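Peer 1: Input structure: coords.txt, which contains compact mmCIF, C-alpha atoms.
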```txt
# COMPACT_ATOMS: atom_id res chain seq x y z
CA MET U 289 29.82 -11.87 14.05
CA SER U 290 29.36 -14.97 11.90
CA LYS U 291 26.04 -16.10 10.43
CA ILE U 292 25.70 -18.75 13.12
CA GLU U 293 26.58 -16.28 15.87
CA PHE U 294 24.01 -13.84 14.48
CA LYS U 295 21.27 -16.45 14.67
CA GLU U 296 22.16 -17.57 18.18
CA ARG U 297 22.54 -14.05 19.49
CA PHE U 298 19.17 -13.02 18.12
CA LYS U 299 17.41 -16.00 19.68
CA GLU U 300 19.10 -15.36 23.01
CA GLU U 301 18.39 -11.63 23.12
CA ILE U 302 14.77 -11.93 22.01
CA LYS U 303 14.11 -13.91 25.19
CA THR U 304 14.96 -10.79 27.19
CA LYS U 305 12.43 -8.57 25.37
CA SER U 306 8.76 -8.03 26.12
CA ASN U 307 7.39 -5.74 23.43
CA VAL U 308 7.28 -5.52 19.64
CA LEU U 309 7.15 -2.34 17.56
CA ILE U 310 6.43 -2.65 13.86
CA HIS U 311 6.25 -0.79 10.55
CA SER U 312 2.84 -0.59 8.85
CA ASP U 313 3.26 -2.83 5.82
CA LEU U 314 2.79 -6.48 4.82
CA ASP U 315 6.36 -7.48 5.65
CA ALA U 316 5.92 -6.17 9.18
CA ALA U 317 2.57 -7.95 9.53
CA LEU U 318 4.12 -11.27 8.51
CA SER U 319 7.30 -10.73 10.52
CA SER U 320 5.64 -9.63 13.74
CA THR U 321 2.94 -12.31 13.78
CA TYR U 322 5.51 -15.00 13.03
CA LEU U 323 7.85 -13.73 15.74
CA MET U 324 5.06 -13.49 18.32
CA ASN U 325 4.06 -17.05 17.45
CA LYS U 326 7.62 -18.26 17.97
CA GLU U 327 8.15 -16.17 21.12
CA LYS U 328 4.84 -16.29 22.95
CA HIS U 329 5.95 -13.85 25.64
CA LEU U 330 6.12 -10.94 23.17
CA LYS U 331 3.28 -8.41 22.90
CA LEU U 332 2.56 -5.71 20.32
CA LYS U 333 3.39 -2.31 21.80
CA GLY U 334 3.52 0.13 18.92
CA VAL U 335 3.02 0.78 15.22
CA PHE U 336 4.82 3.30 13.02
CA ASP U 337 2.21 4.78 10.68
CA ILE U 338 4.55 5.68 7.84
CA ASN U 339 2.74 7.19 4.88
CA CYS U 340 4.91 7.27 1.78
CA PHE U 341 2.98 10.23 0.40
CA ASN U 342 3.10 12.47 3.48
CA THR U 343 6.09 14.07 5.15
CA THR U 344 4.55 13.86 8.61
CA ASN U 345 4.30 10.39 10.12
CA LYS U 346 3.35 8.96 13.47
CA LEU U 347 4.14 6.34 16.03
CA TYR U 348 1.33 4.92 18.17
CA LEU U 349 2.21 3.33 21.50
CA THR U 350 0.40 1.55 24.30
CA GLU U 351 2.44 3.52 26.84
CA GLU U 352 4.24 6.83 27.02
CA LYS U 353 7.84 5.63 26.71
CA LEU U 354 10.08 3.32 24.76
CA HIS U 355 12.44 1.08 26.71
CA LYS U 356 15.69 -0.20 25.22
CA ASP U 357 15.81 -3.21 27.49
CA GLU U 358 12.24 -4.33 26.77
CA ASP U 359 11.45 -3.39 23.16
CA VAL U 360 12.39 -5.00 19.85
CA PHE U 361 11.85 -3.22 16.52
CA VAL U 362 10.62 -5.55 13.76
CA ASP U 363 11.04 -4.56 10.10
CA LEU U 364 12.53 -1.29 11.35
CA ALA U 365 16.22 -0.37 11.13
CA VAL U 366 17.13 1.25 14.44
CA SER U 367 20.66 2.60 14.69
CA GLN U 368 20.71 3.57 18.36
CA GLU U 369 23.24 1.45 20.23
CA GLY U 370 21.52 -0.84 22.70
CA CYS U 371 18.26 -1.07 20.73
CA MET U 372 17.41 -4.46 19.26
CA SER U 373 15.96 -4.63 15.77
CA ILE U 374 15.63 -7.09 12.91
CA ASP U 375 15.23 -5.87 9.34
CA HIS U 376 16.55 -6.30 5.83
CA HIS U 377 17.87 -2.77 5.31
CA MET U 378 21.51 -3.82 5.21
CA LYS U 379 24.48 -4.15 2.92
CA PHE U 380 26.55 -7.23 2.17
CA SER U 381 30.32 -6.89 2.38
CA TYR U 382 32.81 -9.58 1.47
CA ASP U 383 35.47 -7.74 3.48
CA ALA U 384 33.49 -7.39 6.69
CA LYS U 385 34.23 -9.71 9.57
CA ASP U 386 30.65 -9.32 10.70
CA PHE U 387 27.63 -11.00 9.15
CA ASN U 388 26.83 -7.62 7.62
CA VAL U 389 27.51 -3.95 8.28
CA ASN U 390 24.08 -3.47 9.84
CA ARG U 391 24.70 -5.70 12.83
CA LEU U 392 22.06 -6.95 15.23
CA ASN U 393 23.29 -4.71 18.02
CA PRO U 394 24.74 -2.15 17.88
CA LYS U 395 23.69 -0.94 14.45
CA THR U 396 25.84 1.14 12.13
CA SER U 397 24.77 4.13 10.09
CA ASN U 398 26.64 3.06 6.93
CA ILE U 399 23.49 1.67 5.37
CA ARG U 400 22.18 5.15 4.56
CA ASN U 401 24.44 5.48 1.54
CA ASP U 402 23.48 2.05 0.25
CA LEU U 403 19.75 1.95 0.91
CA ASN U 404 18.70 2.50 -2.67
CA ASN U 405 21.49 0.43 -4.20
CA PHE U 406 19.67 -2.81 -4.94
CA HIS U 407 22.82 -4.20 -6.49
CA SER U 408 24.31 -4.56 -3.00
CA LYS U 409 21.64 -4.15 -0.29
CA CYS U 410 19.68 -7.13 0.92
CA PRO U 411 16.95 -7.90 -1.67
CA LEU U 412 15.08 -10.20 0.71
CA ASN U 413 12.52 -9.13 3.32
CA THR U 414 12.36 -9.29 7.10
CA ILE U 415 10.06 -12.31 7.24
CA ILE U 416 12.49 -14.38 5.16
CA LEU U 417 15.37 -13.33 7.42
CA LEU U 418 13.36 -14.33 10.50
CA LEU U 419 12.51 -17.69 8.95
CA TRP U 420 16.23 -18.14 8.27
CA VAL U 421 17.10 -17.24 11.87
CA TYR U 422 14.71 -19.91 13.19
CA GLY U 423 15.84 -22.52 10.68
CA GLU U 424 12.60 -22.76 8.71
CA ASN U 425 12.69 -24.19 5.19
CA LEU U 426 10.12 -22.29 3.13
CA LEU U 427 9.41 -25.21 0.80
CA GLU U 428 8.86 -27.61 3.70
CA THR U 429 7.05 -25.33 6.16
CA PHE U 430 4.61 -23.50 3.89
CA ASN U 431 2.33 -24.35 1.00
CA TYR U 432 2.66 -22.58 -2.35
CA LYS U 433 0.09 -19.86 -1.67
CA GLN U 434 1.67 -19.08 1.69
CA ARG U 435 5.06 -18.77 0.03
CA LEU U 436 3.57 -16.41 -2.54
CA LEU U 437 2.44 -14.11 0.26
CA ILE U 438 5.94 -14.20 1.73
CA TYR U 439 7.45 -13.36 -1.66
CA ALA U 440 4.91 -10.55 -2.08
CA ALA U 441 6.13 -8.72 1.02
CA ASP U 442 8.45 -5.88 -0.02
CA SER U 443 8.29 -7.25 -3.58
CA VAL U 444 10.90 -9.96 -3.06
CA TRP U 445 9.75 -11.76 -6.21
CA GLU U 446 10.36 -8.57 -8.24
CA ASN U 447 13.77 -8.05 -6.65
CA TYR U 448 14.75 -11.49 -7.90
CA LYS U 449 13.71 -10.68 -11.44
CA ASN U 450 15.36 -7.23 -11.45
CA TYR U 451 18.56 -7.88 -9.47
CA ARG U 452 19.34 -11.54 -10.01
CA ASP U 453 23.07 -11.44 -9.35
CA ASN U 454 22.70 -9.68 -6.00
CA PHE U 455 19.67 -11.80 -5.10
CA THR U 456 21.55 -15.01 -5.88
CA THR U 457 24.58 -13.85 -3.86
CA TRP U 458 22.44 -13.27 -0.78
CA CYS U 459 20.60 -16.56 -1.16
CA GLU U 460 23.85 -18.48 -1.53
CA TYR U 461 25.29 -16.76 1.54
CA LEU U 462 22.22 -17.61 3.64
CA GLY U 463 21.67 -21.08 2.20
CA LEU U 464 18.41 -20.10 0.50
CA GLU U 465 19.30 -21.13 -3.05
CA TYR U 466 16.37 -23.55 -3.02
CA ILE U 467 13.85 -20.70 -3.52
CA LEU U 468 15.43 -19.44 -6.75
CA GLU U 469 13.78 -21.93 -9.08
CA GLU U 470 10.35 -21.20 -7.66
CA LEU U 471 10.84 -17.44 -7.93
CA GLU U 472 11.68 -17.88 -11.61
CA SER U 473 8.20 -19.18 -12.39
CA ILE U 474 6.04 -16.80 -10.34
CA LYS U 475 3.47 -14.76 -12.25
CA PRO U 476 2.34 -11.25 -11.15
CA GLU U 477 -1.32 -12.28 -11.12
CA GLU U 478 -0.54 -15.03 -8.60
CA ILE U 479 0.93 -12.47 -6.22
CA GLU U 480 -2.07 -10.16 -6.51
CA GLU U 481 -4.50 -13.01 -5.95
CA VAL U 482 -3.01 -14.05 -2.61
CA LYS U 483 -2.91 -10.43 -1.46
CA LYS U 484 -6.60 -10.13 -2.24
CA GLU U 485 -7.29 -13.16 -0.07
CA ILE U 486 -6.19 -11.26 3.02
CA TYR U 487 -7.98 -8.12 1.81
CA ILE U 488 -5.04 -5.79 1.41
CA HIS U 489 -4.51 -3.00 -1.07
CA LYS U 490 -1.70 -3.25 -3.60
CA SER U 491 0.87 -1.46 -1.41
CA GLY U 492 0.08 -3.54 1.66
CA TYR U 493 0.24 -0.61 4.09
CA VAL U 494 -2.09 0.18 6.98
CA HIS U 495 -2.77 3.70 8.24
CA PHE U 496 -4.57 5.17 11.23
CA ASN U 497 -8.20 6.23 10.84
CA TYR U 498 -9.14 8.96 13.32
CA ASN U 499 -12.86 8.41 12.94
CA VAL U 500 -12.78 4.89 14.32
CA ASN U 501 -9.57 5.02 16.38
CA GLU U 502 -8.07 2.10 14.49
CA PHE U 503 -5.54 1.20 11.81
CA TYR U 504 -7.07 0.36 8.45
CA THR U 505 -5.67 -0.94 5.20
CA GLU U 506 -5.80 1.38 2.22
CA LYS U 507 -9.14 1.51 0.42
CA THR U 508 -10.59 -1.30 2.50
CA LYS U 509 -12.61 -1.58 5.67
CA ILE U 510 -10.63 -4.03 7.76
CA SER U 511 -8.91 -3.05 10.97
CA LEU U 512 -5.35 -3.82 12.00
CA GLN U 513 -6.68 -6.61 14.20
CA GLN U 514 -8.57 -8.15 11.29
CA TYR U 515 -5.59 -7.58 9.00
CA LEU U 516 -3.26 -9.50 11.33
CA ASP U 517 -5.94 -12.13 11.93
CA ASN U 518 -6.19 -12.66 8.17
CA VAL U 519 -2.42 -13.01 7.89
CA CYS U 520 -2.30 -15.49 10.79
CA GLU U 521 -5.18 -17.57 9.43
CA PHE U 522 -3.67 -17.60 5.95
CA MET U 523 -0.29 -18.69 7.33
CA CYS U 524 -1.84 -21.15 9.85
CA TRP U 525 -0.44 -19.27 12.85
CA ASP U 526 -2.14 -18.40 16.13
CA SER U 527 -3.73 -14.95 16.18
CA VAL U 528 -2.11 -12.08 18.05
CA ASP U 529 -3.84 -9.33 20.00
CA VAL U 530 -3.76 -5.71 18.86
CA PRO U 531 -3.83 -3.46 21.93
CA GLU U 532 -5.39 -0.04 22.37
CA PHE U 533 -2.85 2.66 21.56
CA GLU U 534 -2.91 5.44 24.15
CA TRP U 535 -0.01 7.59 22.97
CA GLU U 536 0.75 9.23 19.65
CA TYR U 537 4.11 10.66 18.59
CA LEU U 538 4.76 12.82 15.56
CA PHE U 539 7.90 12.93 13.45
CA ASP U 540 8.96 14.50 10.19
CA LYS U 541 9.75 11.91 7.56
CA ARG U 542 12.10 14.31 5.83
CA SER U 543 14.48 13.98 8.78
CA VAL U 544 14.22 10.20 8.93
CA SER U 545 16.37 7.80 6.96
CA TYR U 546 16.24 4.04 7.10
CA GLU U 547 19.09 3.84 9.57
CA THR U 548 17.26 6.09 12.01
CA PHE U 549 13.68 4.92 12.49
CA ASP U 550 14.67 5.70 16.01
CA ALA U 551 12.72 7.30 18.83
CA LEU U 552 15.88 7.30 20.93
CA ASP U 553 17.98 9.17 18.39
CA LYS U 554 19.93 12.22 19.58
CA ARG U 555 18.13 14.39 17.03
CA LYS U 556 14.89 13.80 18.92
CA LEU U 557 12.91 12.88 15.85
CA PHE U 558 9.85 12.29 18.01
CA VAL U 559 9.28 15.67 19.58
CA SER U 560 5.61 15.78 20.50
CA ALA U 561 3.04 13.54 22.11
CA ILE U 562 -0.72 13.78 22.43
CA PRO U 563 -2.77 11.65 24.83
CA LYS U 564 -5.52 9.69 23.17
CA LYS U 565 -8.29 11.96 24.45
CA GLN U 566 -6.74 14.92 22.59
CA ARG U 567 -6.36 13.14 19.29
CA GLN U 568 -9.28 14.88 17.59
CA ILE U 569 -7.85 18.26 18.60
CA GLU U 570 -4.56 17.34 16.96
CA VAL U 571 -6.30 16.85 13.62
CA LEU U 572 -7.13 20.56 13.58
CA MET U 573 -3.55 21.58 14.24
CA TYR U 574 -2.38 21.49 10.64
CA ASP U 575 -2.25 24.63 8.54
CA LYS U 576 -2.97 24.63 4.81
CA ARG U 577 0.51 23.31 4.07
CA ARG U 578 -0.02 20.59 6.70
CA GLU U 579 2.75 21.96 8.89
CA ILE U 580 2.39 20.98 12.51
CA LYS U 581 1.84 23.85 14.93
CA LYS U 582 3.99 22.37 17.64
CA LEU U 583 3.21 25.16 20.08
CA HIS U 584 -0.14 23.53 20.78
CA LEU U 585 1.19 20.02 21.21
CA VAL U 586 2.00 18.33 24.47
CA ASP U 587 5.78 18.27 24.76
CA ALA U 588 7.01 14.77 25.54
CA GLY U 589 10.65 15.72 25.72
CA HIS U 590 13.21 13.07 24.85
CA LEU U 591 11.65 9.61 24.69
```
Reformat the file's structure so that it appears as structure tokens.
Peer 2:
Amino acid sequence: MSKIEFKERFKEEIKTKSNVLIHSDLDAALSSTYLMNKEKHLKLKGVFDINCFNTTNKLYLTEEKLHKDEDVFVDLAVSQEGCMSIDHHMKFSYDAKDFNVNRLNPKTSNIRNDLNNFHSKCPLNTIILLLWVYGENLLETFNYKQRLLIYAADSVWENYKNYRDNFTTWCEYLGLEYILEELESIKPEEIEEVKKEIYIHKSGYVHFNYNVNEFYTEKTKISLQQYLDNVCEFMCWDSVDVPEFEWEYLFDKRSVSYETFDALDKRKLFVSAIPKKQRQIEVLMYDKRREIKKLHLVDAGHL
């Protein structure tokens, strides 16, 4: 699959999807709101609440099931054949006939061995890849502060400074060389200032708050809806609606790698579901080591 074929295939297939599932960080917030602005028929269906400091993580959905034919995973690398996803967790190969080894669909599992190798994996983020897919020129489409927020997502500006050769290779391959000069001059305090303007904590993650039944950013008091509203206003995009999440799925992060953020995986990573009305009960189901007592959970079977 060539670069051009990749772009065209993505834009064709996204027309057949209805729902968006996202990760819980700034890159996902930018990527999903941009995509839902470009493709107005898409609606937010689920959020992966992935806490880097806990082994147990959760997926919140508006309905009980995932559907291959209807769902697209944004800023999530899904390896299950037939599932559509867009993300930057991929490796560049000069020898590959495809655009990259982590193709649009189906995915490959080869990325697992290269995830932490920043000398070869994609040093960009998902929002930049989406902008590339839709032919946006960052310097022409966005003002400087908006570009800073884009560079802040997944620390793209730091990747440039730390892995210049790999970063330059990717930019040359994708025709993004024009951002290199700007990245050279960015100061850390500029990045932190724009992040403060949308009221996000340094890491840019959001997590679920049981007390108010809503996603909140770390150490702040803004909801996921306000968080996405802030992103949209900052980027001059239309706002997107955050639905009420009725279903909650648990999975063990220790069994999840970046090529398998996958609720359709054969290993059944998502083994338990709790209807919304039982959510407070679930909070009490952790022992002192925070191990889930699955016996008390509602078995959802294979999603």
Peer 1: Name the residues in contact with Phe361 of chain U at a cut-off of 7 Å, using all atoms listed in the file, excluding same-chain residues fewer than 4 positions from it; report them as number ranges by chain.
Peer 2: U: 308-310, 372-374
Peer 1: Counting all atoms listed in the file, which of U:Glu536, U:Glu352, U:Asp315, U:Glu293 gets nearest to Tyr439 of chain U?
Peer 2: U:Asp315
Peer 1: How many Å lie between atom CA of Leu426 of chain U and atom CA of Lys449 of chain U, rounded to one decimal?
Peer 2: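 Distance between the two atoms: 19.0 Å.
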Peer 1: Under the rule that all atoms listed in the file are counted, which of U:Ile415, U:Ile438, U:Leu364, U:Ile292 is the nearest residue to Gly463 of chain U?
Peer 2: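 Checking each candidate against Gly463 of chain U, we get U:Ile292 as the closest.
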Peer 1: For Leu417 of chain U, which of U:Glu477, U:Asp363, U:Asp337, U:Glu469 is the closest residue, counting only C-alpha atoms?
Peer 2: U:Asp363
Peer 1: I need the residue nearest Asp313 of chain U from this list: U:Thr350, U:Ser443, U:Ser408, U:Thr429. Use all atoms listed in the file for the distance.
Peer 2: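 Closest to Asp313 of chain U, using all atoms listed in the file: U:Ser443.
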Peer 1: From the list U:Phe455, U:Tyr466, U:Arg435, U:Asn447, which residue is nearest Leu318 of chain U when using only C-alpha atoms?
Peer 2: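 Going through U:Phe455, U:Tyr466, U:Arg435, U:Asn447 one by one, the smallest distance to Leu318 of chain U is for U:Arg435.
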Peer 1: Between U:Lys331, U:Trp525, U:Tyr537, U:Lys409, which residue has the minimum interatomic distance to Phe430 of chain U, considering all atoms listed in the file?
Peer 2: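 For Phe430 of chain U, the nearest of the candidates is U:Trp525.
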Peer 1: To one decimal in Å, tell me the separation between atom CA of Glu470 of chain U and atom CA of Ser527 of chain U.
Peer 2: 28.4 Å
Peer 1: Please report the interatomic distance between atom CA of Tyr348 of chain U and atom CA of Ile510 of chain U in Å with one decimal.
Peer 2: 18.2 Å
